[in-house]
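Participant: What follows is my_file-v9.pdb, made up of PDB, C-alpha atoms:
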```
MODEL        1
ATOM      1  CA  MET A   1      14.698  25.820 125.712
ATOM      2  CA  ASP A   2      15.552  27.243 122.350
ATOM      3  CA  GLU A   3      18.105  24.510 121.641
ATOM      4  CA  PRO A   4      17.054  23.585 118.052
ATOM      5  CA  GLY A   5      17.084  27.286 117.173
ATOM      6  CA  ASN A   6      20.550  27.661 118.712
ATOM      7  CA  GLN A   7      21.806  24.628 116.801
ATOM      8  CA  ARG A   8      20.410  26.028 113.565
ATOM      9  CA  GLY A   9      22.150  29.323 114.300
ATOM     10  CA  TYR A  10      25.403  27.475 115.053
ATOM     11  CA  PHE A  11      25.256  25.526 111.772
ATOM     12  CA  ALA A  12      24.243  28.611 109.797
ATOM     13  CA  GLN A  13      27.257  30.436 111.273
ATOM     14  CA  HIS A  14      29.580  27.571 110.256
ATOM     15  CA  ILE A  15      28.117  27.432 106.753
ATOM     16  CA  ASN A  16      28.587  31.190 106.411
ATOM     17  CA  SER A  17      32.201  30.863 107.590
ATOM     18  CA  ILE A  18      32.876  28.100 105.048
ATOM     19  CA  ARG A  19      31.277  30.240 102.311
ATOM     20  CA  GLU A  20      33.520  33.113 103.296
ATOM     21  CA  TYR A  21      36.618  30.868 103.371
ATOM     22  CA  ASN A  22      35.613  29.559  99.959
ATOM     23  CA  ARG A  23      35.420  33.124  98.620
ATOM     24  CA  ILE A  24      38.823  33.992 100.093
ATOM     25  CA  ALA A  25      40.701  30.781  99.206
ATOM     26  CA  GLY A  26      38.798  29.646  96.065
ATOM     27  CA  ILE A  27      38.190  26.222  97.628
ATOM     28  CA  ALA A  28      35.246  25.108  95.451
ATOM     29  CA  GLU A  29      37.107  25.575  92.198
ATOM     30  CA  ILE A  30      40.167  23.540  93.150
ATOM     31  CA  ALA A  31      38.081  20.879  94.944
ATOM     32  CA  ARG A  32      35.930  20.507  91.817
ATOM     33  CA  ARG A  33      39.041  20.058  89.688
ATOM     34  CA  TYR A  34      40.514  17.448  92.049
ATOM     35  CA  MET A  35      37.159  15.673  92.293
ATOM     36  CA  ALA A  36      36.757  15.308  88.520
ATOM     37  CA  MET A  37      40.410  14.380  87.949
ATOM     38  CA  ASN A  38      40.594  11.773  90.709
ATOM     39  CA  ALA A  39      37.168  10.232  90.166
ATOM     40  CA  PHE A  40      38.245   9.825  86.517
ATOM     41  CA  ASP A  41      41.478   8.159  87.675
ATOM     42  CA  GLY A  42      39.529   5.950  90.095
ATOM     43  CA  ILE A  43      37.111   4.718  87.447
ATOM     44  CA  LEU A  44      39.834   4.029  84.882
ATOM     45  CA  THR A  45      41.952   2.192  87.448
ATOM     46  CA  ILE A  46      39.015  -0.021  88.400
ATOM     47  CA  ILE A  47      38.353  -0.681  84.702
ATOM     48  CA  GLY A  48      41.958  -1.935  84.639
ATOM     49  CA  VAL A  49      41.341  -4.128  87.700
ATOM     50  CA  LEU A  50      38.139  -5.526  86.177
ATOM     51  CA  MET A  51      39.751  -6.262  82.810
ATOM     52  CA  GLY A  52      42.842  -7.775  84.428
ATOM     53  CA  ASN A  53      40.760 -10.123  86.560
ATOM     54  CA  TYR A  54      38.418 -11.006  83.717
ATOM     55  CA  LEU A  55      41.207 -11.758  81.250
ATOM     56  CA  ALA A  56      43.143 -13.726  83.891
ATOM     57  CA  GLY A  57      40.122 -15.991  84.161
ATOM     58  CA  VAL A  58      39.015 -14.885  87.632
ATOM     59  CA  ARG A  59      35.380 -15.876  88.016
ATOM     60  CA  ASP A  60      35.137 -15.399  91.765
ATOM     61  CA  ALA A  61      33.490 -12.039  92.565
ATOM     62  CA  GLY A  62      35.149 -12.063  96.023
ATOM     63  CA  ILE A  63      38.638 -11.942  94.502
ATOM     64  CA  VAL A  64      37.693  -9.061  92.186
ATOM     65  CA  ILE A  65      36.130  -7.177  95.107
ATOM     66  CA  HIS A  66      39.224  -7.695  97.270
ATOM     67  CA  THR A  67      41.547  -6.562  94.485
ATOM     68  CA  GLY A  68      39.262  -3.613  93.721
ATOM     69  CA  ILE A  69      38.971  -2.496  97.340
ATOM     70  CA  ALA A  70      42.734  -2.837  97.954
ATOM     71  CA  THR A  71      43.347  -0.764  94.819
ATOM     72  CA  SER A  72      40.806   1.886  95.896
ATOM     73  CA  ILE A  73      42.368   2.111  99.361
ATOM     74  CA  ALA A  74      45.780   2.631  97.774
ATOM     75  CA  MET A  75      44.297   5.307  95.503
ATOM     76  CA  GLY A  76      42.622   6.960  98.488
ATOM     77  CA  VAL A  77      45.840   6.976 100.544
ATOM     78  CA  SER A  78      47.763   8.306  97.555
ATOM     79  CA  GLY A  79      45.110  11.015  97.105
ATOM     80  CA  PHE A  80      45.160  12.057 100.781
ATOM     81  CA  TRP A  81      48.938  12.143 101.046
ATOM     82  CA  GLY A  82      49.632  13.727  97.670
ATOM     83  CA  ALA A  83      46.969  16.411  98.008
ATOM     84  CA  TYR A  84      47.849  17.228 101.612
ATOM     85  CA  LEU A  85      51.554  17.636 100.907
ATOM     86  CA  THR A  86      51.191  19.612  97.679
ATOM     87  CA  GLU A  87      48.229  21.740  98.758
ATOM     88  CA  ALA A  88      49.700  22.543 102.188
ATOM     89  CA  ALA A  89      53.019  23.527 100.589
ATOM     90  CA  GLU A  90      51.349  25.706  97.928
ATOM     91  CA  ARG A  91      49.007  27.427 100.377
ATOM     92  CA  ARG A  92      51.840  27.997 102.859
ATOM     93  CA  ARG A  93      54.006  29.561 100.162
ATOM     94  CA  ASP A  94      51.114  31.803  99.105
ATOM     95  CA  LEU A  95      50.444  32.900 102.701
ATOM     96  CA  VAL A  96      54.113  33.564 103.428
ATOM     97  CA  GLU A  97      54.349  35.740 100.300
ATOM     98  CA  LEU A  98      51.312  37.755 101.397
ATOM     99  CA  GLU A  99      52.713  38.044 104.940
ATOM    100  CA  ARG A 100      55.983  39.330 103.524
ATOM    101  CA  ILE A 101      54.161  42.054 101.558
ATOM    102  CA  LEU A 102      51.896  43.055 104.462
ATOM    103  CA  LEU A 103      54.633  42.677 107.106
ATOM    104  CA  THR A 104      52.159  40.919 109.385
ATOM    105  CA  ASP A 105      51.316  37.428 110.653
ATOM    106  CA  LEU A 106      48.179  36.162 108.903
ATOM    107  CA  GLY A 107      47.999  32.826 110.762
ATOM    108  CA  GLN A 108      45.125  33.833 113.049
ATOM    109  CA  THR A 109      43.196  35.880 110.468
ATOM    110  CA  LYS A 110      40.357  34.778 108.191
ATOM    111  CA  ILE A 111      42.909  34.437 105.387
ATOM    112  CA  GLY A 112      45.043  32.027 107.432
ATOM    113  CA  ARG A 113      42.011  30.003 108.524
ATOM    114  CA  ALA A 114      40.639  29.927 104.953
ATOM    115  CA  SER A 115      43.988  28.573 103.806
ATOM    116  CA  ARG A 116      43.941  25.764 106.414
ATOM    117  CA  VAL A 117      40.297  24.874 105.673
ATOM    118  CA  ALA A 118      41.156  24.755 101.959
ATOM    119  CA  VAL A 119      43.928  22.213 102.631
ATOM    120  CA  ILE A 120      41.556  19.982 104.666
ATOM    121  CA  ILE A 121      38.689  20.101 102.151
ATOM    122  CA  VAL A 122      40.911  19.574  99.119
ATOM    123  CA  THR A 123      42.702  16.672 100.852
ATOM    124  CA  LEU A 124      39.381  14.991 101.698
ATOM    125  CA  VAL A 125      38.030  15.455  98.178
ATOM    126  CA  ASP A 126      41.246  14.205  96.613
ATOM    127  CA  GLY A 127      41.336  11.109  98.813
ATOM    128  CA  LEU A 128      37.646  10.229  98.758
ATOM    129  CA  ALA A 129      36.827  10.891  95.079
ATOM    130  CA  PRO A 130      38.717   7.888  93.625
ATOM    131  CA  VAL A 131      37.588   5.571  96.445
ATOM    132  CA  LEU A 132      33.911   6.450  96.062
ATOM    133  CA  ALA A 133      34.085   6.264  92.259
ATOM    134  CA  ALA A 134      35.785   2.843  92.483
ATOM    135  CA  LEU A 135      33.257   1.499  94.998
ATOM    136  CA  ILE A 136      30.329   2.601  92.824
ATOM    137  CA  VAL A 137      31.859   0.794  89.834
ATOM    138  CA  LEU A 138      32.347  -2.346  91.946
ATOM    139  CA  ALA A 139      28.711  -2.305  93.163
ATOM    140  CA  PRO A 140      27.461  -4.937  90.643
ATOM    141  CA  LEU A 141      30.197  -7.291  91.867
ATOM    142  CA  PHE A 142      29.082  -6.770  95.465
ATOM    143  CA  ALA A 143      25.661  -7.880  94.223
ATOM    144  CA  ALA A 144      27.111 -10.823  92.257
ATOM    145  CA  ARG A 145      25.025 -13.314  94.247
ATOM    146  CA  LEU A 146      21.866 -11.408  93.432
ATOM    147  CA  VAL A 147      22.849 -11.096  89.780
ATOM    148  CA  GLY A 148      23.603 -14.826  89.681
ATOM    149  CA  ASN A 149      26.294 -14.777  87.012
ATOM    150  CA  VAL A 150      29.709 -13.221  87.630
ATOM    151  CA  LEU A 151      30.198 -12.474  83.926
ATOM    152  CA  VAL A 152      27.011 -10.392  83.966
ATOM    153  CA  SER A 153      28.410  -8.587  87.049
ATOM    154  CA  TYR A 154      31.616  -7.856  85.101
ATOM    155  CA  VAL A 155      29.584  -6.415  82.218
ATOM    156  CA  LEU A 156      27.376  -4.411  84.594
ATOM    157  CA  SER A 157      30.448  -3.039  86.421
ATOM    158  CA  LEU A 158      31.994  -1.953  83.120
ATOM    159  CA  ALA A 159      28.660  -0.384  82.130
ATOM    160  CA  VAL A 160      28.547   1.513  85.460
ATOM    161  CA  ALA A 161      32.156   2.620  84.853
ATOM    162  CA  LEU A 162      31.321   3.942  81.381
ATOM    163  CA  LEU A 163      28.197   5.629  82.736
ATOM    164  CA  GLY A 164      30.301   7.189  85.512
ATOM    165  CA  LEU A 165      32.791   8.428  82.938
ATOM    166  CA  PHE A 166      29.955   9.910  80.888
ATOM    167  CA  GLY A 167      28.597  11.612  84.018
ATOM    168  CA  LEU A 168      32.015  13.090  84.801
ATOM    169  CA  GLY A 169      32.386  14.320  81.219
ATOM    170  CA  ALA A 170      28.920  15.874  81.294
ATOM    171  CA  PHE A 171      29.814  17.540  84.631
ATOM    172  CA  LEU A 172      32.961  19.031  83.072
ATOM    173  CA  GLY A 173      30.914  20.092  80.045
ATOM    174  CA  ARG A 174      28.461  21.867  82.336
ATOM    175  CA  ILE A 175      31.308  23.666  84.162
ATOM    176  CA  SER A 176      32.857  24.848  80.909
ATOM    177  CA  GLY A 177      29.427  25.811  79.550
ATOM    178  CA  ARG A 178      30.041  23.641  76.488
ATOM    179  CA  ASN A 179      28.302  20.636  74.970
ATOM    180  CA  LEU A 180      27.451  18.106  77.726
ATOM    181  CA  LEU A 181      27.084  15.197  75.298
ATOM    182  CA  GLY A 182      30.378  15.952  73.536
ATOM    183  CA  TYR A 183      32.318  16.090  76.798
ATOM    184  CA  GLY A 184      30.527  12.992  78.106
ATOM    185  CA  LEU A 185      31.397  10.993  75.009
ATOM    186  CA  ARG A 186      35.047  12.086  75.173
ATOM    187  CA  THR A 187      35.449  10.646  78.679
ATOM    188  CA  VAL A 188      33.584   7.468  77.692
ATOM    189  CA  VAL A 189      36.084   7.006  74.844
ATOM    190  CA  ALA A 190      38.897   6.959  77.458
ATOM    191  CA  GLY A 191      37.171   4.026  79.185
ATOM    192  CA  LEU A 192      36.587   2.220  75.876
ATOM    193  CA  VAL A 193      40.266   2.703  74.946
ATOM    194  CA  ALA A 194      41.335   1.179  78.294
ATOM    195  CA  ILE A 195      39.047  -1.817  77.722
ATOM    196  CA  ALA A 196      40.169  -2.244  74.102
ATOM    197  CA  LEU A 197      43.881  -2.049  75.027
ATOM    198  CA  SER A 198      43.385  -4.759  77.670
ATOM    199  CA  PHE A 199      41.826  -7.036  75.041
ATOM    200  CA  LEU A 200      44.633  -6.198  72.604
ATOM    201  CA  LEU A 201      47.306  -7.087  75.172
ATOM    202  CA  GLU A 202      45.497 -10.355  75.829
ATOM    203  CA  GLY A 203      45.470 -10.902  72.043
ATOM    204  CA  VAL A 204      49.260 -10.534  71.770
ATOM    205  CA  GLY A 205      49.705 -13.001  74.632
ATOM    206  CA  LEU A 206      50.673 -10.639  77.495
TER     207      LEU A 206
ATOM    208  CA  MET B   1      36.273  59.369 129.051
ATOM    209  CA  GLY B   2      35.178  61.081 125.844
ATOM    210  CA  ASN B   3      33.681  59.134 122.997
ATOM    211  CA  LEU B   4      35.554  58.561 119.765
ATOM    212  CA  ARG B   5      33.597  59.992 116.827
ATOM    213  CA  ARG B   6      35.861  59.832 113.795
ATOM    214  CA  LEU B   7      38.821  57.692 112.781
ATOM    215  CA  VAL B   8      40.780  57.926 109.534
ATOM    216  CA  LEU B   9      43.220  55.061 108.932
ATOM    217  CA  ASP B  10      45.799  54.291 106.281
ATOM    218  CA  VAL B  11      45.635  50.518 105.754
ATOM    219  CA  LEU B  12      47.426  47.997 103.549
ATOM    220  CA  LYS B  13      45.200  44.998 102.912
ATOM    221  CA  PRO B  14      45.051  41.907 100.675
ATOM    222  CA  LEU B  15      42.753  42.141  97.619
ATOM    223  CA  ASP B  16      40.585  39.414  99.204
ATOM    224  CA  PRO B  17      38.365  39.989 101.142
ATOM    225  CA  ASN B  18      37.514  43.003  98.974
ATOM    226  CA  ILE B  19      36.594  46.481 100.235
ATOM    227  CA  VAL B  20      32.836  45.824  99.828
ATOM    228  CA  GLU B  21      33.056  42.962 102.336
ATOM    229  CA  LEU B  22      35.343  44.886 104.689
ATOM    230  CA  VAL B  23      33.179  48.028 104.677
ATOM    231  CA  LEU B  24      30.124  45.942 105.617
ATOM    232  CA  PHE B  25      31.962  44.194 108.467
ATOM    233  CA  LEU B  26      33.093  47.580 109.829
ATOM    234  CA  ALA B  27      29.638  49.123 109.414
ATOM    235  CA  ASP B  28      28.169  46.278 111.523
ATOM    236  CA  LEU B  29      30.329  47.161 114.531
ATOM    237  CA  GLU B  30      28.655  48.702 117.554
ATOM    238  CA  GLY B  31      28.848  52.474 117.789
ATOM    239  CA  VAL B  32      29.563  52.905 114.071
ATOM    240  CA  ASP B  33      27.228  55.186 112.087
ATOM    241  CA  GLY B  34      29.015  55.076 108.746
ATOM    242  CA  VAL B  35      32.171  53.884 106.992
ATOM    243  CA  ASN B  36      33.927  54.881 103.826
ATOM    244  CA  ILE B  37      36.810  53.023 102.194
ATOM    245  CA  SER B  38      38.641  54.563  99.279
ATOM    246  CA  ILE B  39      41.504  53.073  97.296
ATOM    247  CA  ASN B  40      44.817  54.894  97.206
ATOM    248  CA  GLU B  41      46.834  52.328  95.284
ATOM    249  CA  ILE B  42      46.355  48.807  93.933
ATOM    250  CA  ASP B  43      49.170  46.288  93.620
ATOM    251  CA  ARG B  44      49.225  42.679  92.339
ATOM    252  CA  ARG B  45      48.145  41.134  95.668
ATOM    253  CA  VAL B  46      47.435  44.042  98.014
ATOM    254  CA  GLU B  47      45.827  47.468  98.019
ATOM    255  CA  ASN B  48      46.437  50.594 100.040
ATOM    256  CA  VAL B  49      43.181  52.075 101.319
ATOM    257  CA  LYS B  50      41.940  54.983 103.396
ATOM    258  CA  ILE B  51      39.273  53.940 105.876
ATOM    259  CA  THR B  52      37.097  56.683 107.339
ATOM    260  CA  ILE B  53      34.795  55.652 110.165
ATOM    261  CA  GLU B  54      32.317  57.882 111.942
ATOM    262  CA  GLY B  55      30.010  57.082 114.819
ATOM    263  CA  HIS B  56      28.623  58.199 118.134
ATOM    264  CA  ASP B  57      30.919  55.950 120.193
ATOM    265  CA  LEU B  58      33.598  54.104 118.190
ATOM    266  CA  ASN B  59      35.434  51.195 119.809
ATOM    267  CA  TYR B  60      39.003  51.518 118.539
ATOM    268  CA  GLN B  61      40.063  48.006 119.635
ATOM    269  CA  ASN B  62      37.127  46.359 117.840
ATOM    270  CA  ILE B  63      37.850  48.326 114.676
ATOM    271  CA  VAL B  64      41.546  47.379 114.704
ATOM    272  CA  GLN B  65      40.676  43.728 115.398
ATOM    273  CA  THR B  66      38.172  43.619 112.489
ATOM    274  CA  ILE B  67      40.684  45.126 110.085
ATOM    275  CA  GLN B  68      43.451  42.739 111.217
ATOM    276  CA  GLU B  69      41.097  39.728 111.143
ATOM    277  CA  HIS B  70      40.630  40.460 107.425
ATOM    278  CA  GLY B  71      44.357  40.623 106.817
ATOM    279  CA  GLY B  72      44.707  44.412 106.964
ATOM    280  CA  SER B  73      47.791  46.096 108.358
ATOM    281  CA  ILE B  74      47.299  49.604 109.818
ATOM    282  CA  HIS B  75      50.095  51.881 108.632
ATOM    283  CA  SER B  76      48.978  55.065 110.317
ATOM    284  CA  ILE B  77      46.131  56.842 112.097
ATOM    285  CA  ASP B  78      45.671  59.922 109.942
ATOM    286  CA  GLU B  79      42.853  61.698 111.763
ATOM    287  CA  VAL B  80      40.821  61.302 114.946
ATOM    288  CA  ALA B  81      37.977  63.226 116.500
ATOM    289  CA  ALA B  82      36.265  62.723 119.838
ATOM    290  CA  GLY B  83      33.862  64.497 122.186
ATOM    291  CA  LYS B  84      30.267  65.675 122.324
ATOM    292  CA  MET B  85      30.413  67.105 118.811
ATOM    293  CA  LEU B  86      32.439  66.500 115.694
ATOM    294  CA  ILE B  87      35.106  69.150 115.140
ATOM    295  CA  GLU B  88      36.541  69.561 111.661
ATOM    296  CA  ASP B  89      40.171  70.447 111.048
ATOM    297  CA  VAL B  90      40.368  74.262 110.986
ATOM    298  CA  ALA B  91      42.469  76.036 108.382
ATOM    299  CA  THR B  92      44.827  78.622 109.914
ATOM    300  CA  SER B  93      46.751  81.400 108.282
ATOM    301  CA  GLN B  94      49.918  79.311 108.653
ATOM    302  CA  ASP B  95      48.321  76.686 106.361
TER     303      ASP B  95
ENDMDL
END
```
Turn the structure described in the file into structure tokens.

Facilitator:
Amino acid sequence: MDEPGNQRGYFAQHINSIREYNRIAGIAEIARRYMAMNAFDGILTIIGVLMGNYLAGVRDAGIVIHTGIATSIAMGVSGFWGAYLTEAAERRRDLVELERILLTDLGQTKIGRASRVAVIIVTLVDGLAPVLAALIVLAPLFAARLVGNVLVSYVLSLAVALLGLFGLGAFLGRISGRNLLGYGLRTVVAGLVAIALSFLLEGVGL
Amino acid sequence: MGNLRRLVLDVLKPLDPNIVELVLFLADLEGVDGVNISINEIDRRVENVKITIEGHDLNYQNIVQTIQEHGGSIHSIDEVAAGKMLIEDVATSQD
């Protein structure tokens, strides 16, 4: 009879547990770091894909989308694998050290569970951040038919990429409590450098 | 069987969860009227604490489980009191 209330209680309990695990294992901080770092990587990699296709004379949005998606999948897999292996190893080492000091098995305690939840969350964030960032940048190419001109889609995708980079920079600026605009512009410069270097390489005949 | 009224434990626990969180978890247990945790020694990753719990009917198993669930390791039971009333340790001439 009181099913919605029970469900709310169940979810509230889970949210409280995750909050507690976060406090014990510092999940939010490391996930935030991975998110910013990998979304940044994802956007810059897709800028590379866009510039490579554009300079190679590809004017078929389908090819760019396929290349972009394949690249994002590879980035996602790399993120999942890399984060899982490194995070699991680090957390395990940390737990074993604490177990050695306490002379007890922490596997079934809140500390052990917090450690395992941290590995799962960080792995998901690390794998999904570059994929999502890359797909957002590719959005104007998905809408190439609506846009009508693939060159406009290229420009729009690059604009979305630069906007994404600015957003990431501003996010980092907010975390550090520093100037949002300054941080935003610094990350945008990274994107502009990647674009400029692609043009330069084209200029020297590579 | 008589009811457990006071328990004093020597516990080694990780710094996280901290003693504020642990004291609240212990205070929420059934039969507990009050809890005190004091620090004996702090190390880089762990701390040695004295946990004093008083109540009208303490459940020893639940208390141990709560402490262990939060990573604590009980080193010794330093004092216990049970019965209809709380009896303090009495000083004798030999002391």

Participant: Between atom CA of Thr123 of chain A and atom CA of Ile27 of chain A, what is the distance in Å, rounded to a tenth?

Facilitator: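 Taking atom CA of Thr123 of chain A and atom CA of Ile27 of chain A, their separation equals 11.0 Å.
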
Participant: List the residues matched by the PyMOL selection byres ((chain B) within 7 of (chain A)) in the displayed structure as a PyMOL selection string, ordered by chain and then by residue number.

Facilitator: chain B and resi 12+16-17+68-71+73

Participant: To one decimal place, how far is atom CA of Arg113 of chain A from atom CA of Gly79 of chain A in Å?

Facilitator: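 For atom CA of Arg113 of chain A relative to atom CA of Gly79 of chain A, the distance reads 22.4 Å.
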
Participant: Pick out the closest residue to Met51 of chain A from this set: A:Val122, A:Ile69, A:Leu180, A:Val155. Count only C-alpha atoms.

Facilitator: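 Result for the nearest residue to Met51 of chain A: A:Val155.
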
Participant: Would you list the contacts of Ala82 of chain B as a PyMOL selection string, taking every protein, DNA or RNA residue within 8 Å and counting only C-alpha atoms, but skipping same-chain residues closer than 4 positions in sequence?

Facilitator: chain B and resi 2-6+86

Participant: Hey, what comes out of the PyMOL selection byres ((chain B and resi 23) around 12) on this file? Could you write it as an NGL selection string?

Facilitator: :B and (17-22 or 24-29 or 32-38 or 49-53 or 63 or 66-67 or 70)

Participant: Let me see the file: selected residues, C-alpha atoms, as a tab-separated table (two decimals), keeping the file's coordinate frame.

Facilitator:
```
chain	number	residue	atom	x	y	z
B	17	PRO	CA	38.36	39.99	101.14
B	18	ASN	CA	37.51	43.00	98.97
B	19	ILE	CA	36.59	46.48	100.24
B	20	VAL	CA	32.84	45.82	99.83
B	21	GLU	CA	33.06	42.96	102.34
B	22	LEU	CA	35.34	44.89	104.69
B	24	LEU	CA	30.12	45.94	105.62
B	25	PHE	CA	31.96	44.19	108.47
B	26	LEU	CA	33.09	47.58	109.83
B	27	ALA	CA	29.64	49.12	109.41
B	28	ASP	CA	28.17	46.28	111.52
B	29	LEU	CA	30.33	47.16	114.53
B	32	VAL	CA	29.56	52.90	114.07
B	33	ASP	CA	27.23	55.19	112.09
B	34	GLY	CA	29.02	55.08	108.75
B	35	VAL	CA	32.17	53.88	106.99
B	36	ASN	CA	33.93	54.88	103.83
B	37	ILE	CA	36.81	53.02	102.19
B	38	SER	CA	38.64	54.56	99.28
B	49	VAL	CA	43.18	52.08	101.32
B	50	LYS	CA	41.94	54.98	103.40
B	51	ILE	CA	39.27	53.94	105.88
B	52	THR	CA	37.10	56.68	107.34
B	53	ILE	CA	34.80	55.65	110.16
B	63	ILE	CA	37.85	48.33	114.68
B	66	THR	CA	38.17	43.62	112.49
B	67	ILE	CA	40.68	45.13	110.08
B	70	HIS	CA	40.63	40.46	107.42
```

Participant: Please indicate the distance in Å from atom CA of Pro14 of chain B to atom CA of Glu47 of chain B, rounded to one decimal place.

Facilitator: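 Atom CA of Glu47 of chain B lies 6.2 Å from atom CA of Pro14 of chain B.
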
Participant: Can you list, as a list in words, every protein, DNA or RNA residue that comes within 8 Å of Val125 of chain A when you count all atoms listed in the file, leaving out same-chain residues fewer than 6 positions away?

Facilitator: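 Listing them by chain and then by number gives Ala31, Tyr34 and Met35 of chain A.
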
Participant: May I have the residues within 12 Å of Asn53 of chain A as a list in words, using all atoms listed in the file and disregarding those fewer than 3 positions away in the same chain?

Facilitator: Ile46, Ile47, Gly48, Val49, Leu50, Ala56, Gly57, Val58, Arg59, Asp60, Ala61, Gly62, Ile63, Val64, Ile65, His66, Thr67, Gly68, Val150, Leu151, Tyr154, Ser198, Phe199 and Glu202 of chain A

Participant: Go ahead and fit an axis-aligned box to every listed atom of segment 82-89 of chain B plus 6 Å each side, and pass me the centre and edge lengths in Å, one decimal, as JSON.

Facilitator:
```
{"center_x": 35.2, "center_y": 66.6, "center_z": 116.7, "size_x": 21.9, "size_y": 19.7, "size_z": 23.3}
```

Participant: Just so the selection is clear, what residues does the PyMOL selection byres ((chain A and resi 166-175) around 12) cover here, as number ranges by chain?

Facilitator: A: 29, 32-44, 129, 133, 159-165, 176-192

Participant: Please rebuild segment 59-71 of chain B with N, CA and C atoms and return the result as a short mmCIF file (atom, residue, chain, number, x, y, z; two decimals), in the coordinates of the input.

Facilitator:
```cif
data_model
loop_
_atom_site.label_atom_id
_atom_site.label_comp_id
_atom_site.auth_asym_id
_atom_site.auth_seq_id
_atom_site.Cartn_x
_atom_site.Cartn_y
_atom_site.Cartn_z
N ASN B 59 34.54 52.02 118.97
CA ASN B 59 35.43 51.20 119.81
C ASN B 59 36.69 50.90 119.00
N TYR B 60 37.77 51.60 119.33
CA TYR B 60 39.00 51.52 118.54
C TYR B 60 39.54 50.08 118.46
N GLN B 61 39.53 49.38 119.61
CA GLN B 61 40.06 48.01 119.64
C GLN B 61 39.30 47.08 118.70
N ASN B 62 37.96 47.20 118.72
CA ASN B 62 37.13 46.36 117.84
C ASN B 62 37.40 46.65 116.37
N ILE B 63 37.59 47.92 116.07
CA ILE B 63 37.85 48.33 114.68
C ILE B 63 39.19 47.74 114.21
N VAL B 64 40.21 47.89 115.04
CA VAL B 64 41.55 47.38 114.70
C VAL B 64 41.48 45.86 114.52
N GLN B 65 40.79 45.20 115.45
CA GLN B 65 40.68 43.73 115.40
C GLN B 65 39.98 43.27 114.11
N THR B 66 38.91 43.99 113.72
CA THR B 66 38.17 43.62 112.49
C THR B 66 39.05 43.80 111.26
N ILE B 67 39.80 44.88 111.23
CA ILE B 67 40.68 45.13 110.08
C ILE B 67 41.78 44.05 110.03
N GLN B 68 42.37 43.75 111.18
CA GLN B 68 43.45 42.74 111.22
C GLN B 68 42.93 41.35 110.91
N GLU B 69 41.73 41.04 111.39
CA GLU B 69 41.10 39.73 111.14
C GLU B 69 40.94 39.48 109.63
N HIS B 70 40.77 40.58 108.88
CA HIS B 70 40.63 40.46 107.42
C HIS B 70 41.95 40.69 106.69
N GLY B 71 43.04 40.58 107.44
CA GLY B 71 44.36 40.62 106.82
C GLY B 71 44.94 42.02 106.66
#
```
